[in-house]
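Dropping model_22.cif in here (mmCIF, C-alpha atoms):
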```
data_final
loop_
_atom_site.label_atom_id
_atom_site.label_comp_id
_atom_site.auth_asym_id
_atom_site.auth_seq_id
_atom_site.Cartn_x
_atom_site.Cartn_y
_atom_site.Cartn_z
CA MET A 1 108.81 49.18 24.15
CA ASN A 2 111.08 48.56 27.12
CA PRO A 3 113.07 51.59 28.44
CA LEU A 4 116.85 51.83 28.79
CA CYS A 5 118.75 51.69 32.09
CA SER A 6 120.07 55.04 33.28
CA ARG A 7 123.34 53.42 34.41
CA CYS A 8 124.32 50.97 31.65
CA ASN A 9 122.02 52.17 28.85
CA LEU A 10 120.79 48.61 28.20
CA VAL A 11 117.19 47.51 27.89
CA VAL A 12 115.39 47.09 31.21
CA TYR A 13 112.88 44.24 31.24
CA PRO A 14 109.82 44.38 33.53
CA THR A 15 111.09 41.58 35.81
CA GLU A 16 114.23 43.56 36.80
CA LYS A 17 112.99 47.14 36.38
CA VAL A 18 113.30 49.76 39.13
CA ASN A 19 111.45 53.01 38.53
CA CYS A 20 112.93 55.77 40.73
CA LEU A 21 114.06 59.42 40.45
CA ASP A 22 112.11 59.71 37.17
CA LYS A 23 114.37 57.11 35.59
CA TYR A 24 114.55 53.35 35.00
CA TRP A 25 117.28 51.10 36.42
CA HIS A 26 118.30 47.49 36.58
CA LYS A 27 118.10 46.26 40.17
CA GLY A 28 121.85 45.75 40.14
CA CYS A 29 122.51 49.14 38.50
CA PHE A 30 120.52 51.05 41.12
CA SER A 31 123.60 51.78 43.25
CA CYS A 32 125.36 54.67 45.01
CA GLU A 33 127.11 57.14 42.73
CA VAL A 34 130.22 57.09 44.96
CA CYS A 35 130.73 53.65 46.53
CA LYS A 36 128.59 51.67 44.03
CA MET A 37 126.72 49.95 46.87
CA THR A 38 123.48 48.41 45.63
CA LEU A 39 120.49 50.35 46.93
CA SER A 40 116.81 49.67 47.39
CA MET A 41 113.72 51.80 47.58
CA LYS A 42 114.08 51.89 51.38
CA ASN A 43 117.68 53.03 51.86
CA TYR A 44 118.46 55.30 48.93
CA LYS A 45 118.71 59.11 49.04
CA GLY A 46 118.24 61.13 45.91
CA PHE A 47 120.21 64.23 45.00
CA GLU A 48 119.83 65.92 41.61
CA LYS A 49 118.09 62.74 40.39
CA ARG A 50 121.09 60.58 41.34
CA PRO A 51 120.97 57.81 43.98
CA TYR A 52 123.33 57.93 46.99
CA CYS A 53 123.79 55.90 50.14
CA ASN A 54 123.44 57.51 53.55
CA ALA A 55 127.22 57.84 54.02
CA HIS A 56 127.90 59.56 50.69
CA TYR A 57 124.83 61.74 50.42
CA PRO A 58 126.04 65.28 49.51
CA LYS A 59 126.01 67.64 52.46
CA THR A 60 124.66 71.14 51.97
CA GLY A 61 126.65 74.03 53.49
CA PHE A 62 126.34 77.75 54.05
CA THR A 63 127.40 80.22 51.42
CA CYS A 64 129.04 83.60 51.92
CA VAL A 65 126.98 86.64 50.96
CA THR A 66 128.71 89.77 49.78
CA ASP A 67 127.84 93.03 51.53
CA THR A 68 126.47 94.69 48.45
CA PRO A 69 124.43 97.91 48.74
CA GLU A 70 121.26 95.90 48.16
CA ASN A 71 122.12 93.38 50.89
CA LEU A 72 123.00 96.21 53.29
CA ARG A 73 119.63 97.83 52.57
CA LEU A 74 117.80 94.56 53.23
CA LYS A 75 119.76 94.09 56.47
CA GLN A 76 118.82 97.60 57.66
CA GLN A 77 115.18 97.03 56.73
CA SER A 78 115.08 93.74 58.66
CA LYS A 79 116.59 95.48 61.68
CA MET A 80 113.94 98.21 61.56
CA GLN A 81 111.16 95.61 61.31
CA SER A 82 112.59 93.78 64.32
CA THR A 83 112.51 97.04 66.31
CA VAL A 84 108.88 97.62 65.33
CA PHE A 85 107.93 94.08 66.40
CA TYR A 86 109.75 94.56 69.69
CA LYS A 87 107.83 97.77 70.41
CA GLU A 88 104.52 96.10 69.53
CA GLU A 89 105.31 93.21 71.88
CA PHE A 90 106.35 95.65 74.59
CA GLU A 91 103.10 97.62 74.33
CA LYS A 92 101.11 94.38 74.35
CA ASN A 93 102.79 93.11 77.52
CA ARG A 94 102.88 96.46 79.33
CA GLY A 95 101.63 96.13 82.88
CA LYS A 96 102.02 92.35 83.03
CA GLY A 97 105.38 92.47 84.78
CA PHE A 98 107.43 94.64 87.07
CA SER A 99 108.35 98.11 85.83
CA VAL A 100 110.00 101.19 87.20
CA VAL A 101 107.50 104.04 87.66
CA ALA A 102 108.47 107.63 88.30
CA ASP A 103 107.60 108.80 91.81
CA THR A 104 105.39 111.68 90.69
CA PRO A 105 102.83 113.42 92.95
CA GLU A 106 100.03 111.69 91.08
CA MET A 107 101.61 108.26 91.66
CA LYS A 108 102.10 109.09 95.35
CA ARG A 109 98.39 109.99 95.63
CA ILE A 110 97.35 106.71 93.92
CA LYS A 111 99.67 104.70 96.15
CA LYS A 112 98.27 106.41 99.24
CA THR A 113 94.70 105.65 98.12
CA GLN A 114 95.56 102.00 97.55
CA ASP A 115 97.07 101.79 101.02
CA GLN A 116 93.88 103.24 102.51
CA ILE A 117 91.70 100.76 100.60
CA SER A 118 93.91 97.88 101.73
CA ASN A 119 93.56 99.04 105.35
CA ILE A 120 89.74 99.22 105.04
CA LYS A 121 89.61 95.66 103.66
CA TYR A 122 91.82 94.50 106.51
CA HIS A 123 89.41 95.94 109.11
CA GLU A 124 86.41 94.40 107.32
CA GLU A 125 88.08 91.00 107.45
CA PHE A 126 89.00 91.57 111.10
CA GLU A 127 85.44 92.49 112.06
CA LYS A 128 84.08 89.47 110.19
CA ARG A 129 86.38 87.11 112.09
CA LYS A 130 85.71 88.89 115.39
CA MET A 131 81.90 88.87 115.14
CA GLY A 132 81.67 85.55 113.30
CA GLY A 133 79.48 87.15 110.64
CA GLU A 134 79.74 88.41 107.11
CA VAL A 135 80.68 92.02 106.49
CA PRO A 136 79.61 93.26 103.03
CA HIS A 137 82.50 94.85 101.14
CA HIS A 138 80.34 97.30 99.23
CA GLN A 139 79.05 99.06 102.37
CA GLN A 140 81.39 101.40 104.19
CA PRO A 141 80.26 103.79 106.97
CA SER A 142 80.88 107.42 106.22
CA ASN A 143 81.60 108.16 109.91
CA PRO A 144 83.60 105.26 111.33
CA SER A 145 83.38 104.83 115.09
CA PRO A 146 86.58 104.64 117.16
CA ALA A 147 85.68 101.07 118.18
CA ALA A 148 86.20 99.92 114.59
CA PHE A 149 89.87 100.88 114.80
CA GLN A 150 90.64 99.54 118.27
CA GLN A 151 93.64 97.27 118.52
CA PRO A 152 92.70 93.60 119.17
CA ALA A 153 93.56 91.86 122.42
CA ALA A 154 97.11 90.57 122.89
CA SER A 155 95.86 86.95 122.94
CA GLN A 156 94.56 87.25 119.37
CA ASN A 157 97.19 86.78 116.67
CA TYR A 158 96.16 89.66 114.40
CA HIS A 159 98.39 92.18 112.72
CA TYR A 160 97.18 95.73 113.31
CA GLU A 161 98.10 98.68 111.14
CA PRO A 162 97.28 102.32 112.01
CA THR A 163 94.80 104.15 109.84
CA PRO A 164 96.65 106.08 107.11
CA GLU A 165 96.00 109.72 106.52
CA PRO A 166 93.05 110.38 104.15
CA VAL A 167 93.99 110.97 100.54
CA ARG A 168 92.49 114.02 98.93
CA PRO A 169 92.62 115.42 95.39
CA ALA A 170 94.27 118.74 94.65
CA ALA A 171 91.50 121.33 94.20
CA ALA A 172 91.01 125.05 94.51
CA ALA A 173 88.87 126.45 97.31
CA PRO A 174 85.18 126.39 96.24
CA PRO A 175 82.67 129.09 97.21
CA PRO A 176 81.30 128.63 100.80
CA SER A 177 77.78 127.43 101.58
CA ALA A 178 75.60 127.36 104.68
CA GLY A 179 76.46 123.76 105.71
CA ARG A 180 77.31 123.20 109.40
CA TYR A 181 79.20 120.15 110.64
CA ARG A 182 80.66 118.97 113.96
CA ALA A 183 84.05 117.27 114.23
CA VAL A 184 83.94 113.72 115.67
CA TYR A 185 87.74 113.14 115.60
CA ASP A 186 90.87 115.22 115.96
CA TYR A 187 92.64 116.06 112.71
CA SER A 188 96.01 117.72 112.06
CA ALA A 189 96.54 119.43 108.71
CA ALA A 190 99.03 117.59 106.47
CA ASP A 191 99.31 120.34 103.80
CA ASP A 192 99.17 124.11 103.73
CA ASP A 193 95.69 124.15 102.18
CA GLU A 194 94.20 121.94 104.93
CA VAL A 195 92.75 122.98 108.28
CA SER A 196 93.27 121.43 111.73
CA PHE A 197 90.50 120.85 114.29
CA VAL A 198 89.67 118.82 117.41
CA ASP A 199 86.76 116.67 118.45
CA GLY A 200 83.69 118.85 119.03
CA ASP A 201 84.69 121.82 116.83
CA VAL A 202 81.93 123.29 114.66
CA ILE A 203 82.74 123.58 110.94
CA VAL A 204 80.75 126.24 109.07
CA GLU A 205 80.51 127.40 105.46
CA VAL A 206 81.09 123.80 104.35
CA GLN A 207 81.23 122.92 100.66
CA GLN A 208 81.41 119.28 99.47
CA ILE A 209 84.38 118.58 97.16
CA ASP A 210 83.94 114.82 96.59
CA GLU A 211 83.08 111.74 98.63
CA GLY A 212 86.19 112.06 100.80
CA TRP A 213 86.90 115.81 101.16
CA MET A 214 85.15 119.05 102.05
CA TYR A 215 86.08 122.70 102.31
CA GLY A 216 85.04 124.69 105.37
CA ARG A 217 85.99 127.08 108.18
CA VAL A 218 86.55 126.12 111.82
CA GLU A 219 84.31 128.36 113.91
CA ARG A 220 86.60 128.21 116.96
CA THR A 221 89.82 129.26 115.19
CA GLY A 222 88.46 131.05 112.13
CA GLN A 223 90.81 129.07 109.85
CA ALA A 224 89.49 127.70 106.56
CA GLY A 225 90.75 124.91 104.33
CA MET A 226 90.30 121.32 103.15
CA LEU A 227 89.15 118.65 105.65
CA PRO A 228 88.31 114.92 105.45
CA ALA A 229 84.58 114.22 105.19
CA ASN A 230 84.64 111.13 107.42
CA TYR A 231 86.04 113.13 110.36
CA VAL A 232 82.88 115.28 110.69
CA GLU A 233 79.11 114.81 110.87
CA ALA A 234 76.29 117.08 109.85
CA ILE A 235 74.52 119.12 112.55
#
```
Just give me the structure of the file as structure tokens.
Amino acid sequence: MNPLCSRCNLVVYPTEKVNCLDKYWHKGCFSCEVCKMTLSMKNYKGFEKRPYCNAHYPKTGFTCVTDTPENLRLKQQSKMQSTVFYKEEFEKNRGKGFSVVADTPEMKRIKKTQDQISNIKYHEEFEKRKMGGEVPHHQQPSNPSPAAFQQPAASQNYHYEPTPEPVRPAAAAPPPSAGRYRAVYDYSAADDDEVSFVDGDVIVEVQQIDEGWMYGRVERTGQAGMLPANYVEAI
């Protein structure tokens, strides 16, 4: 049995049948709902199972939403979720960009240590270029000689930076021991808990704090305090 046309309600024969939008049409009846322009399967646009041309296709628009208590609750919940996502993204990207860090004593100590490490790498690179050899980065002399810190000749285009003051951790005075050391450089105390000495002074009652600092008493002056380990050598 042949179906009926959705436009004229007459029988649609197979030779003129158009099956589209879940309905059957005559080829001439398959036209725009507004301008009645005859359409084909290539240029029609369907809306609510009705054919339209491109010019008269219904446009969808925004609707106004009332600020009901439920909508206000959903809006507040979405805002809270956005804040949580922002914090998660912030924690994930922390340290990847520039940030403002409080100038605390701990940060000053870390900055000073980094400056000292940068200066050591500079001198290693300088010595490698000067001697034409390779200087291993993992080996560092505990008692650097004054020649390692000499300023290069004026004809060489190197940038020289003075050796920064050694960085030491804050620590209480440990109990003395029987270690004896001799100073190989002059050192002026930078803090109240440090001790000053000159080249040739004998340091007694020395106690090792860490790789960079010791505690001892200058035999010449009788003063005791913290001192850099690479400024003295064992007797």
Problem - Between atom CA of A:Asp186 and atom CA of A:Ile117, distance in Å (one decimal) - result: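 Value for the atom CA of A:Asp186-atom CA of A:Ile117 distance: 21.1 Å.
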Handout entry: Hits of the PyMOL selection byres ((chain A and resi 203-213) around 6) in this structure, as a PyMOL selection string
Key = chain A and resi 176-182+202+214-219+227-229
Handout entry: Spatial neighbours of A:Ser188, max dist 9 Å, all atoms listed in the file, sep filter under 3 positions, as number ranges by chain
Key = A: 194-198
Handout entry: Point-to-point distance in Å for atom CA of A:Leu72 and atom CA of A:Lys87
Key =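 Here the two named atoms are 22.9 Å from each other.
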Handout entry: Straight-line distance linking atom CA of A:Leu39 with atom CA of A:Ala55, stated in Å to one decimal
Key = 12.3 Å
Practice task
Evaluate the PyMOL selection byres ((chain A and resi 26-28) around 6) here and jot the selected residues down as a VMD selection string.
Solution key: chain A and resid 16 to 17 25 29 to 30
Practice task
Using all atoms listed in the file, determine which residues lie at most 12 Å from A:Asp22, disregarding the query and same-chain residues fewer than 6 positions distant; provide the list as a VMD selection string.
Solution key: chain A and resid 3 5 to 6 46 48 to 51
Axis-aligned box for all listed atoms of stretch 31-36 of chain A, 6 Å per side, centre and edges in Å to one decimal, as AutoDock Vina command-line options:
```
--center_x 127.2 --center_y 54.4 --center_z 44.6 --size_x 19.1 --size_y 17.5 --size_z 15.8
```
